[in-house]
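Working notes, structure below.
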Amino acid sequence: MEHLPVHLPYEARIAGPVQFRLMYPFERFLRHLKKNVGNKARVEGSICNAYLVEEASNFCSHYFELHVHTRQRNVSRNDDGGVAVPIEGNLSIFTYPGRSYGTAKPRPIEGGELRATQTYILLNCDEVTPYIDIYILKLREQDPRISDANIDQMLDNNFVEWFELYARNPSNNVTNIFVKALVDGPNRTTQSYPMYFVNGYKFHTIGHGTGRATMNSGVCIKGTNYSENASDYYGQLIEILELEYPSYPFKRTILFKCDWFDPSRHGTRRHPNYSLVEVNKSRRFNRYEPFILAMQACHVYYVPYPSLRRAQMDWIAVCKIKARAVVEMPLIIEVVEDNDLGLLNDPNGGDIGFDVGDDEIESEDELEHVLEFESEDEDDDEDFADL
């Protein structure tokens, strides 16, 4: 069985995608047809009649009203509950779709934990960004030579108090009731859930997943200065907290409390050519920043190495997961202006290059004609080589 992963890539390379040549889909479909046999004396007639009824029913179901539930309108497996009713002036952190699952357990939140939640929510809410810019501008006016590292430190330590004074000052004209709710802070009692559905993923805490065969507690978030995978942070989901803000209308947001692995080169390493990421499970992030917004989380899982060598026992590989019902479409045409070279994605995985002149190619029809002409030239060259 260990030789199977060795032979599968070679087989896929010479025979193409697996789904076009396997016999199992046809066998499953035959089983589906045999289940529709009601009269064993007329097997073929029963199969044909049931198939026609099923096809006609599915076709007609597309014209039913939206409130009618049919097989074609099943709720997705990782349904996030849909978008809430929009309210004018509401914030993005209160309206992002997500669905909690399981029994809620209330628990208090206070001290450093409360301060960490307030700071993170303010610094990661899109509607608060203008006030962050004002605060940074004031810092640069006071000290023109202040560094970016010092600004980040001032934001973490003092922005909550400054924003509270700024929003309560009538001369600053902060009238949005939802922004003012952020100033008051969340209630001191929060709800803890074992599972949460968001972004097409299903997350559950480490405690809820203990003893299960599946792993849904791996979390990945992009760093502040995100440019590539080198800024990603990887961790494990410890707790799912629902924070509620006082006053009407009700305002709730979800935070993930995570245990982060060390993002430095001593705790995280990346292969430069294959983009493989490995983390050291025995090393942790040295700063107290456990919370992230649920809307920012991506799902990953960790695979240990099948090795008994001491150098590999503490390292685990990171595998990123694509969300359900999300189709990533590749870029079809890309024109590189510097080299006057166009790249057209090949269905087989490669790139086809063609020259892009100033006035030579002006439409898709001309582009197809150029590609066909080049392919015919290549075929003629191959025929001449065979002779």
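We name chains A, B, ... following the order of the structure tokens; residues begin at 1 in each chain, and ligands are numbered from 1 as shown.
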Closest pair table for segment 171-289 of chain A residues within 12 Å of segment 317-326 of chain A, only C-alpha atoms, as CSV:
```
residue,atom,partner,partner_atom,distance
A:Phe197,CA,A:Ala323,CA,10.9
A:Val198,CA,A:Ala323,CA,9.5
A:Asn199,CA,A:Ala323,CA,7.0
A:Gly200,CA,A:Ala323,CA,4.9
A:Tyr201,CA,A:Ala323,CA,5.7
A:Lys202,CA,A:Ala323,CA,9.1
A:Phe203,CA,A:Ala323,CA,11.6
A:Met215,CA,A:Cys319,CA,11.4
A:Asn216,CA,A:Ile321,CA,10.3
A:Gly218,CA,A:Val318,CA,9.1
A:Val219,CA,A:Lys320,CA,9.4
A:Cys220,CA,A:Lys320,CA,8.4
A:Ile221,CA,A:Lys320,CA,11.3
A:Asn229,CA,A:Lys320,CA,11.2
A:Asp232,CA,A:Val318,CA,11.3
A:Tyr233,CA,A:Val318,CA,11.1
A:Tyr234,CA,A:Val318,CA,8.5
A:Gly235,CA,A:Val318,CA,10.3
A:Gln236,CA,A:Val318,CA,11.8
A:Phe261,CA,A:Val318,CA,11.6
A:Gly267,CA,A:Ala317,CA,12.0
A:Thr268,CA,A:Ala317,CA,9.9
A:Arg269,CA,A:Ala317,CA,9.8
A:Arg270,CA,A:Ala317,CA,9.9
A:His271,CA,A:Ala317,CA,11.2
A:Ser275,CA,A:Val318,CA,10.4
A:Leu276,CA,A:Val318,CA,7.5
A:Val277,CA,A:Val318,CA,5.5
A:Glu278,CA,A:Ala317,CA,4.4
A:Val279,CA,A:Ala317,CA,6.6
A:Asn280,CA,A:Ala317,CA,9.0
A:Lys281,CA,A:Ala317,CA,10.0
```
May I have all residues of segment 246-303 of chain A that DSSP, computed from the backbone, assigns to strand (DSSP E), given as a PyMOL selection string? chain A and resi 251-260+268-270+277-280+291-293+298-303
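Candidate residues A:Ser92, A:Thr103, A:Gln19, A:Asn172 were compared for distance to Tyr131 of chain A, and the nearest is A:Asn172, using only C-alpha atoms.
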Considering only C-alpha atoms, give me a table of residues in segment 11-113 of chain A that are at most 9 Å from segment 287-305 of chain A, with the closest atom pair and distance in Å for each, as a Markdown table.
```
| residue | atom | partner | partner_atom | distance |
| --- | --- | --- | --- | --- |
| A:Ile93 | CA | A:Met295 | CA | 7.9 |
| A:Tyr96 | CA | A:Met295 | CA | 6.9 |
| A:Pro97 | CA | A:Met295 | CA | 8.2 |
| A:Gly98 | CA | A:Met295 | CA | 8.1 |
| A:Glu113 | CA | A:Pro290 | CA | 8.9 |
```
Point-to-point distance in Å for atom CA of Ile47 of chain A and atom CA of Leu33 of chain A: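 Computing the Euclidean distance for atom CA of Leu33 of chain A and atom CA of Ile47 of chain A yields 6.0 Å.
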Straight-line distance linking atom CA of Ser171 of chain A with atom CA of Tyr120 of chain A, stated in Å to one decimal: 26.3 Å
Show which residues sit within 12 Å of Lys251 of chain A, as an mmCIF file with C-alpha atoms, in the first residue's frame. Count only C-alpha atoms, and ignore same-chain residues fewer than 3 positions away.
```cif
data_model
loop_
_atom_site.group_PDB
_atom_site.id
_atom_site.type_symbol
_atom_site.label_atom_id
_atom_site.label_comp_id
_atom_site.auth_asym_id
_atom_site.auth_seq_id
_atom_site.Cartn_x
_atom_site.Cartn_y
_atom_site.Cartn_z
ATOM 1 C CA ALA A 84 -28.227 39.474 8.314
ATOM 2 C CA ILE A 87 -29.099 48.306 9.174
ATOM 3 C CA ASN A 90 -23.867 49.041 10.950
ATOM 4 C CA LEU A 91 -20.280 47.829 11.151
ATOM 5 C CA SER A 92 -18.741 45.002 9.165
ATOM 6 C CA ILE A 93 -17.774 43.046 12.291
ATOM 7 C CA PHE A 94 -21.460 42.892 13.316
ATOM 8 C CA THR A 95 -22.892 41.869 9.933
ATOM 9 C CA TYR A 96 -20.409 39.274 8.669
ATOM 10 C CA ILE A 177 -24.233 54.633 17.327
ATOM 11 C CA PHE A 178 -22.334 51.473 16.399
ATOM 12 C CA VAL A 179 -18.972 53.211 16.642
ATOM 13 C CA LYS A 180 -19.990 54.609 20.022
ATOM 14 C CA ALA A 181 -20.867 51.060 21.112
ATOM 15 C CA LEU A 182 -17.266 50.070 20.443
ATOM 16 C CA GLY A 185 -16.871 47.946 25.095
ATOM 17 C CA PRO A 186 -18.563 44.530 25.196
ATOM 18 C CA ASN A 187 -20.501 43.014 28.066
ATOM 19 C CA GLU A 242 -19.362 35.545 21.168
ATOM 20 C CA LEU A 243 -19.124 39.127 22.418
ATOM 21 C CA GLU A 244 -22.280 41.198 22.761
ATOM 22 C CA TYR A 245 -22.353 44.972 23.003
ATOM 23 C CA PRO A 246 -24.964 46.754 25.134
ATOM 24 C CA SER A 247 -27.921 48.879 23.919
ATOM 25 C CA TYR A 248 -30.308 48.305 21.020
ATOM 26 C CA ILE A 254 -17.291 36.310 17.122
#
```
Filtered DSSP result for segment 71-219 of chain A, state helix (DSSP H, G or I), as a ChimeraX atom specification: /A:71-73,92-95,111-123,126-142,148-168,170-172,177-184,206-209
